[in-house]
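Accompanying notes for the structure given below.
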Amino acid sequence: MTKTKKKGSTNYSRMTKAQLLESIAENNDHLNKKDKELEQLQVKLKQKNQQMKELHQELVKIKRVQKNSKVEKQNLIEKLQRSEEQAPDLIKKLEKQLTESNRKRKSLKREAQKLNKKICELEEELSAQEKSKYRLSEDIAAPRTAFRIDLYQRQGDYHGRIIHLLTKNEKKFTGVDQAAISEFIIKHIKIKPLEGKEILSSIPLEGLDRSEDKEISGVSPLQEIQVQAELFEKIRFQQRERYLDAMQPLDAGMQFSVHTCLNFPVVPNETNMDIDSIAYAVHVVAMDESEKKVVAHNSVADILSSGEVRYENRIDMPGLDPGKYYIKLYTIAPFAKIEANKQVELNVEA
């Protein structure tokens, strides 16, 4: 009977010493390779464990976020449900407020219409009363000449008139027409003629709106008239109820006023004042930087007081656009046969 040799077995008894040593070396190399493979597997296992740990942490975070999201979602659902429940009441409340606002607006509109109508009636009544009030006898009115200027704002525009209270003559104008006012005053104080000179030659009048009477016959300048710039003792600008410092710019679009003090070198008294020379006027013209266009103008007139040489004046002006302007002031005092001109630079900023 033949004996079979087991697979994988080695017959070491028949191997020489060299063969045994060679076999041992091969087995050692094989073991070393397996050790290295084992080490690599251990490193990979460690990495896998770290990844598993990180994945576990991420999973915990995800579960926490899902839990929070679930709570937030539930809160939002409850809030939305409450809003839906409150919406009808809120809509009714807003509709009620809107109805009340419309009712008040209509009521205010009707009230404004009534007030505008009442204003017109009062203006007419005031005009009638003033005519009656100033119907004075000639012997009382003889020592003075008085004027009254009425200005009314209607639909954004100014309409006015100036009345000579002694004769009841009047002149209507549109806007604040300082040229028309000046001509009317001069006409009624009967200034004597002087050849070759116009009384308003120092004021550029291009662009001024004259609603009537382009020329007034018999208007002539003062005899032996003297021009004195130093008649204007001081000039100040006021805006927003405060005076501006020198060279301080004005705010654009805001109304302002020009304040000036006149200091006459001649004392008004009974010898130099009569019905023809008892008043004085101050005119203010705002011109653009080119000095070719009048952008605003206004004037005031007042009665002189015997013995008084200083007179404070305030002239209101409309708001101006940003830019550089020249403010020209002009006054005439028939009692002293003098006129004065003054120019001031003004800057307006937005």
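Identifiers in this document derive from the order of the structure tokens: chains are assigned A, B, ..., residues are numbered from 1 separately in each chain, and ligands are numbered from 1 in order of occurrence.
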
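By chain and then residue number, the residues within 7 Å of Asp316 of chain A are Phe256, Ser257, Val258, Arg314 and Pro318 of chain A, counting only C-alpha atoms and disregarding those fewer than 2 positions away in sequence.
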
What would the file look like if the residues just selected were written as a CSV table (one decimal), in the first residue's frame with C-alpha atoms?
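Okay, this is what ended up in result_16.csv:
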```csv
chain,number,residue,atom,x,y,z
A,256,PHE,CA,-36.0,135.4,4.8
A,257,SER,CA,-36.1,139.1,5.6
A,258,VAL,CA,-33.8,142.0,5.1
A,314,ARG,CA,-37.9,144.9,7.7
A,318,PRO,CA,-39.3,134.8,-0.7
```

- prompt: Could you name the residues that touch Glu291 of chain A at 10 Å or less, counting only C-alpha atoms, but leaving out those on the same chain fewer than 5 positions away, as a list of chain:residue names?
  reply: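 Everything that qualifies: A:Pro204, A:Ala286, A:Tyr325, A:Tyr326, A:Ile327.
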
Residues near Lys324 of chain A, cut-off 7 Å, only C-alpha atoms, skip fewer than 6 positions along chain, as an MDAnalysis selection string: chainID A and resid 288:289 346:348

Pick from A:Glu85, A:Asp157, A:Leu80, A:His188 nearest to Thr174 of chain A, counting only C-alpha atoms: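 Result for the nearest residue to Thr174 of chain A: A:Asp157.
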
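A straight line drawn from atom CA of Gln238 of chain A to atom CA of His259 of chain A is 7.4 Å long.
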
message: When DSSP is applied to the backbone of this structure, which of segment 2-168 of chain A are assigned strand (DSSP E or B)? Write them out as a PyMOL selection string.
response: chain A and resi 147-154+157-164

task: Show which residues sit within 10 Å of Leu262 of chain A, as a VMD selection string. Count only C-alpha atoms, and ignore same-chain residues fewer than 6 positions away.
output: chain A and resid 230 to 235 282 309 to 313 331 340

Requested write-out: C-alpha atoms of the selected residues, as a PDB file, in the first residue's frame:
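What follows is the written file selection.pdb:
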```pdb
ATOM      1  CA  GLU A 230     -24.034 155.681   3.874  1.00  0.00           C
ATOM      2  CA  LEU A 231     -27.698 156.387   4.610  1.00  0.00           C
ATOM      3  CA  PHE A 232     -28.034 152.622   5.261  1.00  0.00           C
ATOM      4  CA  GLU A 233     -26.518 152.377   8.738  1.00  0.00           C
ATOM      5  CA  LYS A 234     -26.661 148.548   8.864  1.00  0.00           C
ATOM      6  CA  ILE A 235     -28.025 145.678   6.802  1.00  0.00           C
ATOM      7  CA  VAL A 282     -37.306 151.306   0.950  1.00  0.00           C
ATOM      8  CA  VAL A 309     -33.669 160.439  12.183  1.00  0.00           C
ATOM      9  CA  ARG A 310     -33.266 156.655  12.668  1.00  0.00           C
ATOM     10  CA  TYR A 311     -35.811 154.211  11.207  1.00  0.00           C
ATOM     11  CA  GLU A 312     -35.718 150.412  11.452  1.00  0.00           C
ATOM     12  CA  ASN A 313     -37.179 148.555   8.463  1.00  0.00           C
ATOM     13  CA  THR A 331     -34.546 154.423  -0.640  1.00  0.00           C
ATOM     14  CA  ALA A 340     -29.513 156.058  -1.258  1.00  0.00           C
TER      15      ALA A 340
END
```

- request: Show which residues sit within 9 Å of segment 245-254 of chain A, as a VMD selection string. Count only C-alpha atoms, and ignore same-chain residues fewer than 3 positions away.
  value: chain A and resid 236 to 240 318 to 323 345 to 350

Export of prior selection with C-alpha atoms as a PDB file, in the first residue's frame:
```pdb
ATOM      1  CA  ARG A 236     -28.725 142.246   8.275  1.00  0.00           C
ATOM      2  CA  PHE A 237     -30.416 139.078   7.052  1.00  0.00           C
ATOM      3  CA  GLN A 238     -32.786 137.014   9.175  1.00  0.00           C
ATOM      4  CA  GLN A 239     -33.977 133.450   8.561  1.00  0.00           C
ATOM      5  CA  ARG A 240     -35.662 130.912  10.839  1.00  0.00           C
ATOM      6  CA  PRO A 318     -39.340 134.768  -0.709  1.00  0.00           C
ATOM      7  CA  GLY A 319     -37.010 131.775  -0.621  1.00  0.00           C
ATOM      8  CA  LEU A 320     -34.286 131.599  -3.289  1.00  0.00           C
ATOM      9  CA  ASP A 321     -32.678 128.740  -5.182  1.00  0.00           C
ATOM     10  CA  PRO A 322     -29.042 127.830  -4.400  1.00  0.00           C
ATOM     11  CA  GLY A 323     -26.577 130.267  -5.937  1.00  0.00           C
ATOM     12  CA  GLU A 345     -23.590 140.036  -1.889  1.00  0.00           C
ATOM     13  CA  LEU A 346     -25.616 137.031  -0.732  1.00  0.00           C
ATOM     14  CA  ASN A 347     -24.956 133.275  -1.056  1.00  0.00           C
ATOM     15  CA  VAL A 348     -27.697 130.654  -0.856  1.00  0.00           C
ATOM     16  CA  GLU A 349     -26.901 126.987  -0.226  1.00  0.00           C
ATOM     17  CA  ALA A 350     -29.042 123.855  -0.401  1.00  0.00           C
TER      18      ALA A 350
END
```

query: By how many Å are atom CA of Ser305 of chain A and atom CA of Leu329 of chain A apart?
result: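 Atom-to-atom, atom CA of Ser305 of chain A and atom CA of Leu329 of chain A are spaced 21.9 Å apart.
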
- request: Using only C-alpha atoms, find the one residue out of A:Gln42, A:Asn272, A:Gln57, A:Ser101 that sits nearest to Pro334 of chain A.
  value: A:Asn272

- request: Please measure the separation of atom CA of Glu22 of chain A and atom CA of Leu38 of chain A, giving the value in Å to one decimal.
  value: 24.4 Å

From A:Glu100, A:Glu39, A:Glu241, A:Asp177, residue lying nearest Val294 of chain A [only C-alpha atoms]: A:Asp177

message: Which residue is closest to Thr260 of chain A? Choose from A:Ala279, A:Val344, A:Ala180, A:Leu20 and count only C-alpha atoms.
response: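 Ranking A:Ala279, A:Val344, A:Ala180, A:Leu20 by distance to Thr260 of chain A, first place goes to A:Val344.
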